[in-house]
$ cat run14.pdb   # PDB, C-alpha atoms
MODEL        1
ATOM      1  CA  PRO A   1       0.000   0.000   0.000
ATOM      2  CA  VAL A   2       0.988   3.618  -0.566
ATOM      3  CA  LYS A   3       1.523   5.520   2.686
ATOM      4  CA  THR A   4       1.731   9.309   2.509
ATOM      5  CA  PHE A   5       0.383  12.468   4.097
ATOM      6  CA  ASN A   6      -0.346  14.052   0.717
ATOM      7  CA  MET A   7      -1.319  12.267  -2.502
ATOM      8  CA  VAL A   8      -2.627  13.409  -5.898
ATOM      9  CA  SER A   9      -3.881  11.059  -8.618
ATOM     10  CA  HIS A  10      -5.537  11.854 -11.941
ATOM     11  CA  ILE A  11      -7.425   9.964 -14.643
ATOM     12  CA  ARG A  12      -7.093  12.023 -17.809
ATOM     13  CA  TYR A  13      -9.751  12.534 -20.468
ATOM     14  CA  ALA A  14      -7.639  14.234 -23.130
ATOM     15  CA  THR A  15      -9.237  17.436 -24.450
ATOM     16  CA  ARG A  16      -6.123  19.556 -25.117
ATOM     17  CA  GLY A  17      -2.873  17.854 -25.991
ATOM     18  CA  ALA A  18      -2.444  14.373 -27.428
ATOM     19  CA  VAL A  19      -2.435  11.161 -25.423
ATOM     20  CA  ARG A  20       1.273  11.186 -24.651
ATOM     21  CA  LEU A  21       3.368  10.620 -21.538
ATOM     22  CA  GLU A  22       4.432  14.270 -21.273
ATOM     23  CA  ASN A  23       0.756  15.310 -21.061
ATOM     24  CA  VAL A  24      -0.063  13.024 -18.132
ATOM     25  CA  HIS A  25      -1.110  14.597 -14.817
ATOM     26  CA  PRO A  26      -0.060  15.303 -12.150
ATOM     27  CA  PHE A  27       2.775  17.577 -13.264
ATOM     28  CA  GLN A  28       5.686  18.122 -10.899
ATOM     29  CA  ARG A  29       8.274  20.866 -10.426
ATOM     30  CA  GLU A  30      10.726  21.952  -7.742
ATOM     31  CA  MET A  31      10.424  25.501  -6.400
ATOM     32  CA  TRP A  32      12.210  26.926  -3.340
ATOM     33  CA  GLY A  33      13.608  23.448  -2.647
ATOM     34  CA  ILE A  34      10.040  22.131  -2.295
ATOM     35  CA  SER A  35       8.229  19.627  -4.515
ATOM     36  CA  TRP A  36       5.040  21.001  -6.119
ATOM     37  CA  CYS A  37       2.530  18.930  -8.081
ATOM     38  CA  PHE A  38      -0.545  19.940 -10.048
ATOM     39  CA  ALA A  39      -3.557  18.127 -11.486
ATOM     40  CA  HIS A  40      -6.277  19.942 -13.426
ATOM     41  CA  ASN A  41      -9.749  19.156 -14.712
ATOM     42  CA  GLY A  42     -11.202  21.648 -17.166
ATOM     43  CA  ASP A  43     -10.535  23.910 -20.140
ATOM     44  CA  VAL A  44      -8.859  27.323 -20.003
ATOM     45  CA  SER A  45      -8.460  28.763 -23.507
ATOM     46  CA  TYR A  46      -6.058  31.475 -22.327
ATOM     47  CA  PHE A  47      -3.444  28.739 -21.868
ATOM     48  CA  ASP A  48      -4.240  26.781 -25.035
ATOM     49  CA  ARG A  49      -1.087  26.792 -27.173
ATOM     50  CA  ASN A  50      -3.149  26.842 -30.379
ATOM     51  CA  ILE A  51      -4.670  30.151 -29.236
ATOM     52  CA  PHE A  52      -1.796  32.026 -27.625
ATOM     53  CA  ALA A  53       0.847  30.885 -30.149
ATOM     54  CA  GLY A  54       1.932  33.658 -32.477
ATOM     55  CA  ASN A  55       1.215  36.465 -30.012
ATOM     56  CA  ASP A  56       4.778  36.743 -28.699
ATOM     57  CA  ALA A  57       7.189  39.374 -29.958
ATOM     58  CA  ASP A  58      10.112  36.930 -29.927
ATOM     59  CA  CYS A  59       8.535  34.754 -32.631
ATOM     60  CA  PRO A  60       9.123  35.413 -36.344
ATOM     61  CA  THR A  61       6.549  37.928 -37.555
ATOM     62  CA  ASN A  62       6.263  36.274 -40.966
ATOM     63  CA  THR A  63       5.220  32.946 -39.451
ATOM     64  CA  PRO A  64       1.579  31.855 -39.688
ATOM     65  CA  LYS A  65      -0.121  32.075 -36.336
ATOM     66  CA  VAL A  66      -0.358  28.420 -35.443
ATOM     67  CA  ASN A  67       2.326  26.651 -37.461
ATOM     68  CA  GLU A  68       4.777  24.341 -35.725
ATOM     69  CA  LEU A  69       7.684  26.834 -35.580
ATOM     70  CA  ASN A  70       5.514  29.361 -33.801
ATOM     71  CA  ARG A  71       4.176  26.791 -31.377
ATOM     72  CA  SER A  72       7.680  25.744 -30.396
ATOM     73  CA  CYS A  73       9.110  29.206 -29.719
ATOM     74  CA  VAL A  74       6.238  31.069 -28.121
ATOM     75  CA  LYS A  75       6.364  31.935 -24.434
ATOM     76  CA  ILE A  76       3.553  30.825 -22.175
ATOM     77  CA  PRO A  77       1.232  33.603 -20.955
ATOM     78  CA  TRP A  78       2.198  35.634 -17.921
ATOM     79  CA  ILE A  79       0.015  36.041 -14.849
ATOM     80  CA  GLY A  80       0.936  37.978 -11.744
ATOM     81  CA  LYS A  81      -0.411  41.519 -11.995
ATOM     82  CA  SER A  82      -2.937  40.657  -9.294
ATOM     83  CA  ILE A  83      -0.090  40.040  -6.823
ATOM     84  CA  GLY A  84       2.077  42.939  -7.971
ATOM     85  CA  VAL A  85       4.535  41.279 -10.370
ATOM     86  CA  GLU A  86       4.924  42.498 -13.935
ATOM     87  CA  ASP A  87       6.077  40.476 -16.930
ATOM     88  CA  THR A  88       9.854  40.873 -17.315
ATOM     89  CA  GLY A  89       9.997  38.325 -20.125
ATOM     90  CA  GLU A  90      11.562  35.563 -18.004
ATOM     91  CA  ARG A  91       9.891  32.154 -17.936
ATOM     92  CA  TYR A  92      11.771  30.060 -15.389
ATOM     93  CA  TYR A  93       9.202  27.246 -15.612
ATOM     94  CA  ASN A  94       8.046  26.000 -19.001
ATOM     95  CA  PRO A  95       5.778  23.150 -20.066
ATOM     96  CA  ILE A  96       7.164  19.947 -21.504
ATOM     97  CA  GLY A  97       3.884  18.829 -23.073
ATOM     98  CA  LYS A  98       1.123  20.605 -24.952
ATOM     99  CA  THR A  99      -1.686  20.877 -22.378
ATOM    100  CA  ASP A 100      -3.273  24.050 -21.092
ATOM    101  CA  SER A 101      -2.998  22.439 -17.647
ATOM    102  CA  GLU A 102       0.801  22.252 -17.562
ATOM    103  CA  ALA A 103       1.080  25.767 -19.003
ATOM    104  CA  MET A 104      -1.177  27.035 -16.183
ATOM    105  CA  PHE A 105       0.920  25.248 -13.578
ATOM    106  CA  CYS A 106       4.148  26.757 -14.914
ATOM    107  CA  SER A 107       2.620  30.245 -15.086
ATOM    108  CA  LEU A 108       1.382  29.946 -11.503
ATOM    109  CA  LEU A 109       4.841  28.951 -10.275
ATOM    110  CA  ASN A 110       6.513  31.700 -12.325
ATOM    111  CA  ALA A 111       4.295  34.297 -10.656
ATOM    112  CA  LEU A 112       4.897  32.978  -7.124
ATOM    113  CA  ARG A 113       8.640  32.736  -7.717
ATOM    114  CA  ALA A 114       8.720  36.347  -8.924
ATOM    115  CA  ARG A 115       6.657  37.567  -5.983
ATOM    116  CA  PHE A 116       8.433  35.941  -3.030
ATOM    117  CA  ASP A 117      12.143  35.787  -2.208
ATOM    118  CA  THR A 118      11.496  34.180   1.183
ATOM    119  CA  LEU A 119       9.046  31.389   1.953
ATOM    120  CA  PRO A 120       5.607  32.935   2.496
ATOM    121  CA  SER A 121       3.408  31.904   5.395
ATOM    122  CA  LEU A 122       0.469  29.708   4.417
ATOM    123  CA  PRO A 123      -2.117  32.510   4.813
ATOM    124  CA  VAL A 124      -0.071  34.765   2.536
ATOM    125  CA  LEU A 125       0.398  31.923   0.043
ATOM    126  CA  HIS A 126      -3.349  31.162   0.126
ATOM    127  CA  ALA A 127      -4.182  34.803  -0.592
ATOM    128  CA  ALA A 128      -1.650  34.980  -3.454
ATOM    129  CA  ILE A 129      -2.900  31.813  -5.146
ATOM    130  CA  ALA A 130      -6.516  32.957  -4.781
ATOM    131  CA  SER A 131      -5.645  36.251  -6.476
ATOM    132  CA  LEU A 132      -3.895  34.435  -9.323
ATOM    133  CA  CYS A 133      -6.932  32.170  -9.804
ATOM    134  CA  ASN A 134      -9.199  35.203 -10.077
ATOM    135  CA  GLU A 135      -6.770  36.691 -12.599
ATOM    136  CA  VAL A 136      -6.834  33.519 -14.742
ATOM    137  CA  VAL A 137     -10.646  33.438 -14.786
ATOM    138  CA  ALA A 138     -10.798  37.117 -15.777
ATOM    139  CA  LEU A 139      -8.217  36.679 -18.565
ATOM    140  CA  ASP A 140      -9.972  33.591 -19.906
ATOM    141  CA  SER A 141     -13.327  35.394 -20.124
ATOM    142  CA  GLN A 142     -12.196  37.108 -23.353
ATOM    143  CA  TYR A 143     -12.466  33.799 -25.244
ATOM    144  CA  ASP A 144     -15.526  31.926 -26.440
ATOM    145  CA  GLY A 145     -16.564  28.908 -24.437
ATOM    146  CA  THR A 146     -16.936  28.086 -20.788
ATOM    147  CA  THR A 147     -14.043  28.481 -18.369
ATOM    148  CA  ILE A 148     -13.644  25.256 -16.387
ATOM    149  CA  PHE A 149     -10.798  25.561 -13.906
ATOM    150  CA  ASN A 150     -10.551  22.916 -11.187
ATOM    151  CA  PHE A 151      -7.204  21.893  -9.756
ATOM    152  CA  LEU A 152      -5.309  20.238  -6.942
ATOM    153  CA  LEU A 153      -1.966  21.787  -6.019
ATOM    154  CA  GLY A 154       0.307  19.932  -3.638
ATOM    155  CA  CYS A 155       3.260  21.717  -2.057
ATOM    156  CA  GLY A 156       5.545  19.751   0.210
ATOM    157  CA  PRO A 157       4.652  16.739   2.343
ATOM    158  CA  HIS A 158       1.577  18.147   4.077
ATOM    159  CA  ILE A 159      -0.203  20.930   2.185
ATOM    160  CA  GLN A 160      -2.665  20.605  -0.693
ATOM    161  CA  PHE A 161      -4.766  23.364  -2.253
ATOM    162  CA  ALA A 162      -8.035  22.741  -4.094
ATOM    163  CA  TYR A 163      -9.662  25.363  -6.326
ATOM    164  CA  SER A 164     -12.880  25.119  -8.303
ATOM    165  CA  TRP A 165     -14.383  27.101 -11.130
ATOM    166  CA  PRO A 166     -16.864  24.458 -12.295
ATOM    167  CA  GLY A 167     -18.792  24.016 -15.521
ATOM    168  CA  SER A 168     -19.838  21.687 -18.317
ATOM    169  CA  ARG A 169     -18.201  21.426 -21.717
ATOM    170  CA  GLU A 170     -20.317  22.322 -24.722
ATOM    171  CA  GLY A 171     -22.611  19.452 -25.624
ATOM    172  CA  SER A 172     -21.850  17.561 -22.420
ATOM    173  CA  LYS A 173     -24.057  16.933 -19.398
ATOM    174  CA  VAL A 174     -21.060  16.084 -17.207
ATOM    175  CA  TRP A 175     -20.529  18.628 -14.428
ATOM    176  CA  ASN A 176     -16.842  19.274 -13.822
ATOM    177  CA  GLY A 177     -16.294  20.579 -10.319
ATOM    178  CA  LEU A 178     -14.761  19.459  -7.029
ATOM    179  CA  HIS A 179     -16.231  17.739  -3.969
ATOM    180  CA  TYR A 180     -14.626  16.765  -0.686
ATOM    181  CA  LEU A 181     -15.318  14.984   2.565
ATOM    182  CA  VAL A 182     -13.441  14.423   5.817
ATOM    183  CA  ARG A 183     -13.305  10.929   7.278
ATOM    184  CA  GLU A 184     -12.513  10.790  10.995
ATOM    185  CA  PRO A 185     -13.514   8.742  14.065
ATOM    186  CA  PRO A 186     -15.877   7.112  14.549
ATOM    187  CA  PHE A 187     -15.220   5.435  11.195
ATOM    188  CA  GLY A 188     -17.954   3.494   9.444
ATOM    189  CA  SER A 189     -18.694   1.828   6.135
ATOM    190  CA  ALA A 190     -18.921   3.534   2.744
ATOM    191  CA  HIS A 191     -20.462   2.276  -0.501
ATOM    192  CA  LEU A 192     -18.999   3.222  -3.874
ATOM    193  CA  SER A 193     -21.357   5.157  -6.126
ATOM    194  CA  ASP A 194     -20.333   3.473  -9.393
ATOM    195  CA  CYS A 195     -20.256  -0.187  -8.349
ATOM    196  CA  ASP A 196     -21.635  -2.476  -5.660
ATOM    197  CA  TYR A 197     -18.685  -2.404  -3.275
ATOM    198  CA  SER A 198     -18.404  -1.292   0.350
ATOM    199  CA  ILE A 199     -15.531  -0.940   2.775
ATOM    200  CA  ASN A 200     -15.586  -0.678   6.549
ATOM    201  CA  PHE A 201     -12.995   1.978   7.345
ATOM    202  CA  ALA A 202     -13.096   1.073  11.036
ATOM    203  CA  SER A 203     -11.193  -2.107  10.147
ATOM    204  CA  VAL A 204      -8.328  -0.311   8.373
ATOM    205  CA  THR A 205      -7.861   2.859  10.456
ATOM    206  CA  LYS A 206      -6.643   3.927  13.897
ATOM    207  CA  ASP A 207      -8.415   6.071  16.459
ATOM    208  CA  ASP A 208      -6.270   9.128  15.672
ATOM    209  CA  ASP A 209      -6.574   8.910  11.882
ATOM    210  CA  ARG A 210      -8.228  11.598   9.779
ATOM    211  CA  VAL A 211      -8.220  12.052   6.016
ATOM    212  CA  ALA A 212      -9.700  14.497   3.522
ATOM    213  CA  VAL A 213     -10.709  13.080   0.138
ATOM    214  CA  ILE A 214     -11.150  15.436  -2.836
ATOM    215  CA  ALA A 215     -12.672  14.304  -6.139
ATOM    216  CA  THR A 216     -14.408  15.651  -9.226
ATOM    217  CA  SER A 217     -17.676  14.026  -8.129
ATOM    218  CA  PRO A 218     -18.682  12.098  -4.986
ATOM    219  CA  LEU A 219     -17.083   8.650  -4.937
ATOM    220  CA  THR A 220     -19.569   7.154  -2.472
ATOM    221  CA  ASP A 221     -23.355   7.357  -2.236
ATOM    222  CA  ASP A 222     -23.789   7.124   1.539
ATOM    223  CA  GLU A 223     -21.468   9.871   2.806
ATOM    224  CA  ASP A 224     -21.920  13.643   3.053
ATOM    225  CA  TRP A 225     -19.772  15.147   0.309
ATOM    226  CA  VAL A 226     -19.362  18.922   0.132
ATOM    227  CA  GLU A 227     -19.157  20.680  -3.238
ATOM    228  CA  VAL A 228     -16.422  23.307  -3.428
ATOM    229  CA  LYS A 229     -18.050  26.650  -4.183
ATOM    230  CA  LYS A 230     -17.388  28.484  -7.432
ATOM    231  CA  GLY A 231     -14.217  30.522  -7.063
ATOM    232  CA  GLN A 232     -13.317  28.948  -3.705
ATOM    233  CA  LEU A 233      -9.747  28.033  -2.771
ATOM    234  CA  ILE A 234      -9.313  25.599   0.126
ATOM    235  CA  LEU A 235      -6.097  24.593   1.864
ATOM    236  CA  PHE A 236      -6.129  21.016   3.169
ATOM    237  CA  ASP A 237      -3.782  19.938   5.941
ATOM    238  CA  ASP A 238      -3.910  17.069   8.404
ATOM    239  CA  GLY A 239      -7.257  16.009   6.944
ATOM    240  CA  LEU A 240      -8.865  19.387   7.598
ATOM    241  CA  PRO A 241     -10.142  22.061   5.170
ATOM    242  CA  HIS A 242      -9.069  25.669   5.742
ATOM    243  CA  LEU A 243     -11.378  27.958   3.801
ATOM    244  CA  ALA A 244      -9.879  31.414   4.344
ATOM    245  CA  PRO A 245      -6.343  32.799   4.672
ATOM    246  CA  ASP A 246      -6.551  33.365   8.419
ATOM    247  CA  ASP A 247      -7.688  29.748   8.936
ATOM    248  CA  CYS A 248      -4.345  28.635   7.499
ATOM    249  CA  PHE A 249      -2.460  29.773  10.597
ATOM    250  CA  GLU A 250      -3.666  26.584  12.266
ATOM    251  CA  ALA A 251      -1.529  24.589   9.812
ATOM    252  CA  GLU A 252       1.417  26.879  10.544
ATOM    253  CA  LEU A 253       1.039  26.193  14.268
ATOM    254  CA  ARG A 254       1.073  22.451  13.523
ATOM    255  CA  GLU A 255       4.491  23.149  11.958
ATOM    256  CA  HIS A 256       3.190  22.234   8.517
ATOM    257  CA  GLY A 257       4.165  25.488   6.841
ATOM    258  CA  LEU A 258       6.628  25.639   3.959
ATOM    259  CA  GLU A 259      10.093  24.318   4.893
ATOM    260  CA  SER A 260      13.247  24.375   2.803
ATOM    261  CA  ASP A 261      17.023  24.240   3.173
ATOM    262  CA  ALA A 262      17.366  26.343   0.012
ATOM    263  CA  VAL A 263      15.181  29.395   0.746
ATOM    264  CA  PRO A 264      14.732  31.070   4.160
ATOM    265  CA  ARG A 265      11.357  31.376   5.829
ATOM    266  CA  ASN A 266       9.773  34.768   6.235
ATOM    267  CA  PRO A 267      10.581  35.533   9.879
ATOM    268  CA  GLN A 268       7.507  37.736  10.302
ATOM    269  CA  LEU A 269       4.788  35.160  11.005
ATOM    270  CA  ALA A 270       3.658  37.240  13.977
ATOM    271  CA  VAL A 271       3.273  40.267  11.683
ATOM    272  CA  ASP A 272       1.143  38.209   9.308
ATOM    273  CA  MET A 273      -1.029  37.061  12.212
ATOM    274  CA  ARG A 274      -1.625  40.627  13.333
ATOM    275  CA  ARG A 275      -2.319  41.734   9.750
ATOM    276  CA  TYR A 276      -5.062  39.155   9.430
ATOM    277  CA  GLN A 277      -6.480  40.351  12.777
ATOM    278  CA  LEU A 278      -6.845  36.924  14.314
ATOM    279  CA  ARG A 279      -9.102  36.568  17.302
ATOM    280  CA  LYS A 280      -7.247  37.424  20.498
ATOM    281  CA  GLU A 281      -7.407  34.012  22.121
ATOM    282  CA  PHE A 282      -6.040  32.301  18.993
ATOM    283  CA  PHE A 283      -3.120  34.718  18.765
ATOM    284  CA  GLN A 284      -2.278  34.292  22.462
ATOM    285  CA  GLY A 285      -2.380  30.517  22.069
ATOM    286  CA  ALA A 286       0.274  30.743  19.380
ATOM    287  CA  ALA A 287       2.905  31.762  21.964
ATOM    288  CA  ILE A 288       4.058  34.600  19.720
TER     289      ILE A 288
ENDMDL
END
$ encode --input "run14.pdb" --output "C-alpha cells"
Amino acid sequence: PVKTFNMVSHIRYATRGAVRLENVHPFQREMWGISWCFAHNGDVSYFDRNIFAGNDADCPTNTPKVNELNRSCVKIPWIGKSIGVEDTGERYYNPIGKTDSEAMFCSLLNALRARFDTLPSLPVLHAAIASLCNEVVALDSQYDGTTIFNFLLGCGPHIQFAYSWPGSREGSKVWNGLHYLVREPPFGSAHLSDCDYSINFASVTKDDDRVAVIATSPLTDDEDWVEVKKGQLILFDDGLPHLAPDDCFEAELREHGLESDAVPRNPQLAVDMRRYQLRKEFFQGAAI
C-alpha cells in the first residue's frame, strides 16, 4: 500500500494535448527546494497553445499564427499583476507537453517565484494563489466557451490546495467541479457510487486517523460530500479544510508550513497574524 500524508492522482480525459506521456497529470516541479505537483480538470483557452501561439514578440513575424515553428518558440502567458509582479519576459518554468494544464501550472509557479524571495506563510500563500486564480478566470473570459478551472496543487509533504471554477463542456451533461469529505472517528462503512462495493474503514484505520478526500464528483453514495463553491480556494492539511487565509495559521502552528534548506522562511509570522487580525485568544495561544 501507498503511505503518505499528501497524494494526488488523476485519470485524464484528453481534451487539449495528445495522449502522450508528457501530457499526463499530475505535473511536478521543484520551487524553493520544495516539490510542487498539479492536477487539473477543465478547459482554459487562455493557456491553449493553439490560441496564444503567435502572439509573442520573440517569434518570427512572418510565421503563420499556429504553425509548428511558432508553437515551439512562443512563451507561455504571464500572470501575476494581481499580486504585484509584472512580466519581465523571463519564464523560469516552461511546459514539456502541450496541455493548457501544464502551461497554467508553470505560469502559476513563475508568478509565485517572482513575488516571493522568502518562503511565504500559508495565509499569505493562500491569498496569493486565490488572487492568481481570479486573474486567470478574468483573462480567460475574453475567449468563447466556458471556463472550467478545477485543480489540486500539492506543495511539500503536508499541504494541498483545491480550487474550483466548475462548468460543463459544450454538448456535455457532465458537471466538472470538485467535492470533498473528511473521514474521521468514529469510522464506518462507505459504498462506492459506481459499483456495488463497500468498505468498513473502522477495520483499516486507527483512532487518531483523519483524512480528507477530494474528487471531481462524490465517490460514495452514503457519505456527506461537500461541493467546493465556485471561485473557492481551500487549503487542506492534516485532513482538515481551511477555507480562508486566516484559517491557514492553524496549519502553521502544527508546523506544517513551507520548509526548505534552500530558501529562508519569512521571519515575520507574527506580523502576518496581526495583519489578518486573528481573534485574540487564537493569537495568544500561538505563543508569539
$ atom_distance --input "run14.pdb" --atom1 "atom CA of A:Ser121" --atom2 "atom CA of A:Arg275"
12.2 Å
$ residues_near_point --input "run14.pdb" --point "(6.5, 17.4, -3.7)" --cutoff "7 Å" --atoms "all atoms listed in the file" --output "PyMOL selection string"
chain A and resi 34-37+154-157
$ residues_around --input "run14.pdb" --residues "A:Ser217" --least-positions-apart "4" --cutoff "9 Å" --atoms "only C-alpha atoms" --output "PyMOL selection string"
chain A and resi 175-180+225+227
$ resolve_selection --input "run14.pdb" --expression "the PyMOL selection byres ((chain A and resi 97) around 7)" --output "PyMOL selection string"
chain A and resi 22-23+95-96+98-99
$ residues_around --input "run14.pdb" --residues "A:Arg115" --least-positions-apart "5" --cutoff "10 Å" --atoms "all atoms listed in the file" --output "ChimeraX atom specification"
/A:80,83-86,109-110,120,128
$ resolve_selection --input "run14.pdb" --expression "the PyMOL selection byres ((chain A and resi 243) around 6)" --output "mmCIF file with C-alpha atoms, in the coordinates of the input"
data_model
loop_
_atom_site.group_PDB
_atom_site.id
_atom_site.type_symbol
_atom_site.label_atom_id
_atom_site.label_comp_id
_atom_site.auth_asym_id
_atom_site.auth_seq_id
_atom_site.Cartn_x
_atom_site.Cartn_y
_atom_site.Cartn_z
ATOM 1 C CA ILE A 234 -9.313 25.599 0.126
ATOM 2 C CA HIS A 242 -9.069 25.669 5.742
ATOM 3 C CA ALA A 244 -9.879 31.414 4.344
#
$ closest_residue --input "run14.pdb" --among "A:Thr146, A:Gln232, A:Gln160, A:Ser141" --to "A:Val213" --atoms "all atoms listed in the file"
A:Gln160
$ atom_distance --input "run14.pdb" --atom1 "atom CA of A:Asp144" --atom2 "atom CA of A:Asp48"
12.5 Å
$ atom_distance --input "run14.pdb" --atom1 "atom CA of A:Tyr46" --atom2 "atom CA of A:Pro218"
28.9 Å
$ closest_residue --input "run14.pdb" --among "A:Gly33, A:Gly89, A:Pro77, A:Pro241" --to "A:Val182" --atoms "only C-alpha atoms"
A:Pro241
$ closest_residue --input "run14.pdb" --among "A:Val228, A:Pro185, A:Ala39, A:Ser203" --to "A:Ser164" --atoms "only C-alpha atoms"
A:Val228
$ residues_around --input "run14.pdb" --residues "stretch 129-134 of chain A" --least-positions-apart "5" --cutoff "12 Å" --atoms "all atoms listed in the file" --output "MDAnalysis selection string"
chainID A and resid 44 78:85 104:105 107:113 115 120 122:124 139:141 147:153 161:165 230:235 243:245
$ decode --input "run14.pdb" --residues "stretch 130-138 of chain A" --atoms "all heavy atoms" --output "short mmCIF file (atom, residue, chain, number, x, y, z; two decimals), in the first residue's frame"
data_model
loop_
_atom_site.label_atom_id
_atom_site.label_comp_id
_atom_site.auth_asym_id
_atom_site.auth_seq_id
_atom_site.Cartn_x
_atom_site.Cartn_y
_atom_site.Cartn_z
N ALA A 130 -5.13 32.56 -4.51
CA ALA A 130 -6.52 32.96 -4.78
C ALA A 130 -6.57 34.13 -5.74
O ALA A 130 -7.41 34.17 -6.67
CB ALA A 130 -7.23 33.29 -3.47
N SER A 131 -5.69 35.10 -5.57
CA SER A 131 -5.65 36.25 -6.48
C SER A 131 -5.27 35.82 -7.89
O SER A 131 -5.84 36.29 -8.88
CB SER A 131 -4.64 37.29 -5.96
OG SER A 131 -5.07 37.86 -4.74
N LEU A 132 -4.30 34.92 -8.01
CA LEU A 132 -3.89 34.43 -9.32
C LEU A 132 -5.02 33.66 -10.00
O LEU A 132 -5.21 33.77 -11.22
CB LEU A 132 -2.65 33.56 -9.19
CG LEU A 132 -1.37 34.30 -8.77
CD1 LEU A 132 -0.26 33.30 -8.47
CD2 LEU A 132 -0.92 35.28 -9.85
N CYS A 133 -5.79 32.89 -9.23
CA CYS A 133 -6.93 32.17 -9.80
C CYS A 133 -7.97 33.14 -10.35
O CYS A 133 -8.51 32.95 -11.45
CB CYS A 133 -7.56 31.27 -8.75
SG CYS A 133 -6.55 29.85 -8.28
N ASN A 134 -8.26 34.19 -9.60
CA ASN A 134 -9.20 35.20 -10.08
C ASN A 134 -8.68 35.87 -11.35
O ASN A 134 -9.46 36.18 -12.27
CB ASN A 134 -9.42 36.26 -8.99
CG ASN A 134 -10.16 35.72 -7.79
OD1 ASN A 134 -10.89 34.73 -7.89
ND2 ASN A 134 -9.99 36.35 -6.64
N GLU A 135 -7.37 36.08 -11.42
CA GLU A 135 -6.77 36.69 -12.60
C GLU A 135 -6.92 35.79 -13.82
O GLU A 135 -7.24 36.25 -14.92
CB GLU A 135 -5.29 36.98 -12.32
CG GLU A 135 -4.58 37.73 -13.42
CD GLU A 135 -3.14 38.08 -13.06
OE1 GLU A 135 -2.77 37.96 -11.88
OE2 GLU A 135 -2.39 38.45 -13.99
N VAL A 136 -6.69 34.47 -13.63
CA VAL A 136 -6.83 33.52 -14.74
C VAL A 136 -8.26 33.51 -15.26
O VAL A 136 -8.50 33.55 -16.48
CB VAL A 136 -6.41 32.11 -14.28
CG1 VAL A 136 -6.83 31.06 -15.33
CG2 VAL A 136 -4.92 32.04 -14.05
N VAL A 137 -9.24 33.46 -14.37
CA VAL A 137 -10.65 33.44 -14.79
C VAL A 137 -11.00 34.71 -15.56
O VAL A 137 -11.69 34.66 -16.59
CB VAL A 137 -11.57 33.27 -13.56
CG1 VAL A 137 -13.03 33.47 -13.95
CG2 VAL A 137 -11.37 31.89 -12.94
N ALA A 138 -10.51 35.85 -15.09
CA ALA A 138 -10.80 37.12 -15.78
C ALA A 138 -10.15 37.15 -17.16
O ALA A 138 -10.77 37.58 -18.14
CB ALA A 138 -10.30 38.29 -14.92
#
